[in-house]
Amino acid sequence: MDSVVSDASAVSDADTGSPVTGIPAQPQAPAANLFQRDTTASAPPGADPAGPDAEDGAQDWQLDHTRAPIATKIVVAGGFGVGKTTFVRAVSEITPLQTEALMTRASEDTDDLTATPDKLTTTVAMDFGRITLDNDLVLYVFGTPGQQRFWFMWDDLVRGAIGAIVLADTRRLTDCFPALDYFESCGPPYIVAVNHFEGTELFAAEDVREALTVPADVPVVIMDARKRYSVVESLLAMVAHALEHTPE
């Protein structure tokens, strides 16, 4: 009976963590924290668990988590064949989205090709591109279709835009009147960008303003839609004009 009691005591001592005579003490591993996420196992080989740094090519503004890029929307409008698609294509840092369709003889009575006889396609929905102007300023540029039969899309394209750029061709200034009337009536700030075509007469910005009867507070710039730097200057003028009207 004494031996049974002795064996039971030995088992009880082992269950409570007491050392058993003759068996050396084993080191105990620290208790695992079930609520702590282990990120080392999922990290790729050679990855820095502290995150990216400047040596990895990251910019200072990318490492500042309190700053987020500001995305804004600008609309480019104007008459048929004035250069809206070229404008978007010249400045976009991504492959631009274009909805170009081949022109057919069915449009001969509605689309005037006198100034652009080599034009073979036309925008039937919109053009879309993107450009980063500053570390935290990204512009989404939407080009509108120029033909009257597609003007019903303008309301959707303009929604949410901070402003618009109305492209004008001095050979046919009347083609930009519908766009000017539209933006004057619906309210967003806009500027006029005269797309100077090669081989045509160059007019001063103030002369174009007078011909279009554009208000004095609306900027008028002369630009070339084929050249990226010229398009960027037009976009900067639009952003500055929008900030003057809606600084908040």
# chains A, B, ... in the order shown; residues from 1 in each chain; ligands from 1

$ select_by_dssp --residues "region 115-231 of chain A" --states "helix (DSSP H, G or I)" --output "PyMOL selection string"
chain A and resi 148-158+170-186+205-212+228-231

$ atom_distance --atom1 "CA of Gly78 (chain A)" --atom2 "CA of Asp134 (chain A)"
26.7 Å

$ closest_residue --among "A:Val232, A:Arg172, A:Ala237, A:Asp181" --to "Ala211 (chain A)" --atoms "only C-alpha atoms"
A:Arg172

$ residues_around --residues "region 234-236 of chain A" --least-positions-apart "4" --cutoff "12 Å" --atoms "only C-alpha atoms" --output "ChimeraX atom specification"
/A:72-76,87-88,91-92,130-134,137-141,162-167,190-195,219-225,227-230,240-243

$ closest_residue --among "A:Pro189, A:Leu202, A:Gly129, A:Glu210" --to "His245 (chain A)" --atoms "only C-alpha atoms"
A:Pro189

$ atom_distance --atom1 "CA of Ala179 (chain A)" --atom2 "CA of Gly199 (chain A)"
25.3 Å

$ atom_distance --atom1 "CA of Cys176 (chain A)" --atom2 "CA of Glu233 (chain A)"
20.5 Å

$ residues_around --residues "Thr200 (chain A)" --least-positions-apart "6" --cutoff "10 Å" --atoms "only C-alpha atoms" --output "PyMOL selection string"
chain A and resi 169-171
